[in-house]
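Only one structure is covered here, and it is reproduced in the block below.
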Amino acid sequence: MTAQLNNEKKAAAMAAVKLIQDGQVVGLGTGTTAEFVIHEIALRGLRISGVPTSVRTARLAVTLGIPLADINSVEEIDITIDGADEFTPQLHLLKGGGGAFLREKIVAEKTRREVIIADSSKLVEQLGAFRLPIETIPFARGFVQRQLEKLGAACILREGFVTDEGNQVLDADFGLIADPAALAQELDHITGLVAHGLFIDLAAEVIMGKGEDVVHFTRPGY
Ligand code: 5RP
């Protein structure tokens, strides 16, 4: 990754942290961009309860002294700040490069204000240049792969990787995805497929670093 993209990630993260208020329940994303946020929350001494989206994020938050809440004891998460692998101007997201997309999606669905932070390389007209991560229970892997192939995907098993839930990840190449909402619906119906990396109508806003600037995108109708 270039230093420029790293600076853009950091700038987006700094802008997003300003949205957090003391006393809030905050979803903590996973990945290199989200980690800037976690460090900044600690640096500012913000008094929040964090809901981590992965074991990796939980460990970092604990190391930095950020108190964590059990997601099952939380009615609603006020704000979540997370990264993405791709996003469109309509704020459809492709996530899961870091393999935490199942927990990230659950956290996003419990969140009032889902804020995505990204460098400028993540903005695309159509999702799909980045392979779509698919989480499958190990028992169903062959079955799930065949269903994905019937939908036109070429799949690669993420070798040596196991999710926080003990599942496997297939990285699926569908080519450019013309209708992400329709594909998400088809994937939602495959038995044994636990989660996919398409996040439809979940992001309220995206904050993207671009050169020296920060650009805000808001979901139409939000
Ligand atoms: C993890 C994710 C990440 O948000 C995504 O992979 C972006 O990562 P990074 O901020 O390191 O570019 O979805 O499951």
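Starting from 1 in every chain, residues are counted up; chains themselves are A, B, ... following the order of the structure tokens, and ligands are numbered from 1 as listed.
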Enumerate, in order of chain and increasing residue number, the residues of chain A with an atom no farther than 9 Å from ligand 1, each with its shortest atom pair and distance in Å to one decimal, counting only C-alpha atoms and all ligand atoms, as a tab-separated table.
residue	atom	partner	partner_atom_place_in_ligand_line	distance
A:Lys9	CA	ligand 1	10 (O)	7.6
A:Gly29	CA	ligand 1	4 (O)	6.6
A:Thr30	CA	ligand 1	1 (C)	5.1
A:Gly31	CA	ligand 1	11 (O)	3.8
A:Thr32	CA	ligand 1	11 (O)	3.6
A:Thr33	CA	ligand 1	10 (O)	3.7
A:Ala34	CA	ligand 1	10 (O)	5.9
A:Glu35	CA	ligand 1	10 (O)	7.8
A:Thr53	CA	ligand 1	14 (O)	8.5
A:Ser54	CA	ligand 1	14 (O)	8.5
A:Asp82	CA	ligand 1	4 (O)	5.6
A:Gly83	CA	ligand 1	4 (O)	3.4
A:Ala84	CA	ligand 1	4 (O)	4.0
A:Asp85	CA	ligand 1	7 (C)	4.7
A:Glu86	CA	ligand 1	7 (C)	8.2
A:Leu94	CA	ligand 1	13 (O)	7.5
A:Lys95	CA	ligand 1	13 (O)	3.8
A:Gly96	CA	ligand 1	14 (O)	3.4
A:Gly97	CA	ligand 1	6 (O)	3.5
A:Gly98	CA	ligand 1	1 (C)	3.6
A:Gly99	CA	ligand 1	14 (O)	4.3
A:Ala100	CA	ligand 1	14 (O)	3.7
A:Phe101	CA	ligand 1	14 (O)	4.5
A:Leu102	CA	ligand 1	14 (O)	8.0
A:Arg103	CA	ligand 1	14 (O)	8.6
A:Glu104	CA	ligand 1	14 (O)	6.9
A:Ile116	CA	ligand 1	4 (O)	8.4
A:Ile117	CA	ligand 1	10 (O)	8.0
A:Ala118	CA	ligand 1	10 (O)	6.9
A:Asp119	CA	ligand 1	12 (O)	8.0
A:Lys122	CA	ligand 1	12 (O)	8.3
A:Pro133	CA	ligand 1	14 (O)	8.9
A:Gly197	CA	ligand 1	13 (O)	7.5
For the residues in that selection, give me N, CA and C atoms as a compact mmCIF listing (two decimals), in the first residue's frame.
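Dumped everything to selection06.txt:
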# COMPACT_ATOMS: atom_id res chain seq x y z
N LYS A 9 -6.46 6.81 4.53
CA LYS A 9 -7.17 5.99 5.53
C LYS A 9 -7.18 6.72 6.87
N GLY A 29 -14.77 -1.50 14.04
CA GLY A 29 -14.56 -2.29 12.83
C GLY A 29 -13.25 -3.07 12.86
N THR A 30 -13.04 -3.80 11.77
CA THR A 30 -11.84 -4.63 11.64
C THR A 30 -11.08 -4.23 10.38
N GLY A 31 -9.74 -4.23 10.48
CA GLY A 31 -8.91 -3.91 9.32
C GLY A 31 -7.99 -2.74 9.60
N THR A 32 -7.13 -2.47 8.65
CA THR A 32 -6.11 -1.45 8.89
C THR A 32 -6.71 -0.05 9.02
N THR A 33 -7.79 0.22 8.30
CA THR A 33 -8.40 1.56 8.39
C THR A 33 -9.10 1.71 9.74
N ALA A 34 -9.86 0.71 10.13
CA ALA A 34 -10.58 0.76 11.40
C ALA A 34 -9.60 0.85 12.58
N GLU A 35 -8.43 0.28 12.42
CA GLU A 35 -7.47 0.32 13.54
C GLU A 35 -7.01 1.75 13.85
N THR A 53 -15.83 -6.10 16.25
CA THR A 53 -16.34 -6.93 15.16
C THR A 53 -15.46 -8.16 14.90
N SER A 54 -14.43 -8.34 15.71
CA SER A 54 -13.57 -9.51 15.55
C SER A 54 -12.74 -9.71 16.81
N ASP A 82 -16.27 1.42 10.43
CA ASP A 82 -15.67 0.21 9.88
C ASP A 82 -15.10 0.54 8.49
N GLY A 83 -14.27 -0.34 7.99
CA GLY A 83 -13.70 -0.16 6.66
C GLY A 83 -14.49 -0.92 5.61
N ALA A 84 -13.98 -0.92 4.38
CA ALA A 84 -14.60 -1.69 3.29
C ALA A 84 -13.52 -1.97 2.25
N ASP A 85 -13.78 -2.97 1.44
CA ASP A 85 -12.84 -3.26 0.33
C ASP A 85 -13.24 -2.51 -0.93
N GLU A 86 -14.54 -2.31 -1.11
CA GLU A 86 -15.04 -1.49 -2.23
C GLU A 86 -16.35 -0.83 -1.78
N LEU A 94 -18.67 -3.83 -0.59
CA LEU A 94 -18.11 -5.18 -0.62
C LEU A 94 -17.07 -5.20 0.49
N LYS A 95 -17.26 -6.12 1.44
CA LYS A 95 -16.40 -6.21 2.62
C LYS A 95 -15.93 -7.64 2.82
N GLY A 96 -14.94 -7.78 3.71
CA GLY A 96 -14.56 -9.13 4.11
C GLY A 96 -13.15 -9.53 3.76
N GLY A 97 -12.36 -8.59 3.23
CA GLY A 97 -10.97 -8.90 2.94
C GLY A 97 -10.26 -9.42 4.18
N GLY A 98 -10.65 -8.88 5.34
CA GLY A 98 -10.05 -9.32 6.60
C GLY A 98 -10.75 -10.51 7.22
N GLY A 99 -11.83 -10.95 6.59
CA GLY A 99 -12.51 -12.17 7.04
C GLY A 99 -13.45 -11.99 8.21
N ALA A 100 -13.77 -10.74 8.57
CA ALA A 100 -14.61 -10.52 9.76
C ALA A 100 -16.04 -10.13 9.39
N PHE A 101 -16.45 -10.39 8.14
CA PHE A 101 -17.69 -9.78 7.62
C PHE A 101 -18.95 -10.30 8.29
N LEU A 102 -18.94 -11.53 8.83
CA LEU A 102 -20.16 -12.01 9.51
C LEU A 102 -20.43 -11.15 10.74
N ARG A 103 -19.43 -11.01 11.59
CA ARG A 103 -19.65 -10.19 12.80
C ARG A 103 -19.84 -8.72 12.41
N GLU A 104 -19.13 -8.28 11.38
CA GLU A 104 -19.28 -6.88 10.95
C GLU A 104 -20.72 -6.61 10.50
N ILE A 116 -18.67 4.23 7.20
CA ILE A 116 -17.59 3.50 6.55
C ILE A 116 -16.47 4.48 6.23
N ILE A 117 -15.25 4.06 6.50
CA ILE A 117 -14.10 4.90 6.21
C ILE A 117 -13.22 4.18 5.19
N ALA A 118 -12.63 4.96 4.28
CA ALA A 118 -11.92 4.32 3.18
C ALA A 118 -10.91 5.28 2.56
N ASP A 119 -9.91 4.69 1.93
CA ASP A 119 -9.05 5.50 1.06
C ASP A 119 -9.70 5.55 -0.33
N LYS A 122 -10.89 2.67 -2.88
CA LYS A 122 -12.02 1.79 -2.60
C LYS A 122 -13.31 2.20 -3.34
N PRO A 133 -16.01 -12.21 -0.65
CA PRO A 133 -15.81 -13.23 0.38
C PRO A 133 -17.14 -13.89 0.77
N GLY A 197 -20.04 -10.97 1.65
CA GLY A 197 -19.49 -9.63 1.89
C GLY A 197 -20.24 -8.49 1.25
Tell me, as a PyMOL selection string, which residues lie within 10 Å of Val26 in chain A, counting only C-alpha atoms; anything in the same chain fewer than 2 positions away does not count. chain A and resi 20-24+28-29+48-52+68-69+76-81+107+111+113-114
Write out, as an mmCIF file, in the first residue's frame, the residues just selected, with C-alpha atoms.
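What landed in out-v5.cif:
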data_model
loop_
_atom_site.group_PDB
_atom_site.id
_atom_site.type_symbol
_atom_site.label_atom_id
_atom_site.label_comp_id
_atom_site.auth_asym_id
_atom_site.auth_seq_id
_atom_site.Cartn_x
_atom_site.Cartn_y
_atom_site.Cartn_z
ATOM 1 C CA ILE A 20 -18.317 9.827 18.434
ATOM 2 C CA GLN A 21 -19.663 11.231 21.684
ATOM 3 C CA ASP A 22 -18.808 10.247 25.244
ATOM 4 C CA GLY A 23 -21.234 7.684 26.644
ATOM 5 C CA GLN A 24 -22.009 6.064 23.297
ATOM 6 C CA LEU A 28 -15.370 -1.131 16.363
ATOM 7 C CA GLY A 29 -14.560 -2.293 12.832
ATOM 8 C CA ILE A 48 -17.307 4.722 25.202
ATOM 9 C CA SER A 49 -18.329 1.085 25.320
ATOM 10 C CA GLY A 50 -16.899 -0.718 22.317
ATOM 11 C CA VAL A 51 -18.528 -3.603 20.482
ATOM 12 C CA PRO A 52 -15.728 -5.309 18.555
ATOM 13 C CA LEU A 68 -15.916 -3.512 25.715
ATOM 14 C CA ALA A 69 -19.605 -4.394 25.841
ATOM 15 C CA GLU A 76 -28.676 -0.849 19.906
ATOM 16 C CA ILE A 77 -25.248 0.378 18.849
ATOM 17 C CA ASP A 78 -25.137 4.157 18.458
ATOM 18 C CA ILE A 79 -22.439 4.374 15.838
ATOM 19 C CA THR A 80 -20.091 1.930 14.133
ATOM 20 C CA ILE A 81 -16.980 2.879 12.217
ATOM 21 C CA VAL A 107 -22.876 -5.221 14.242
ATOM 22 C CA THR A 111 -26.225 0.032 14.474
ATOM 23 C CA ARG A 113 -25.335 5.100 12.237
ATOM 24 C CA GLU A 114 -22.985 2.910 10.228
#
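Residues within 12 Å of Leu176 in chain A, counting only C-alpha atoms and excluding same-chain residues fewer than 2 positions away, are Glu86, Leu94, Val124, Glu125, Gln126, Leu127, Gly128, Ala129, Phe130, Arg131, Leu132, Gly152, Ala153, Ala172, Asp173, Phe174, Ala178, Asp179, Pro180 and Leu183 of chain A.
Rounded to one decimal, CA of Ile134 in chain A and CA of Ala203 in chain A lie 19.4 Å from each other.
Between CA of Arg158 in chain A and CA of Ile106 in chain A the interatomic distance comes to 21.9 Å.
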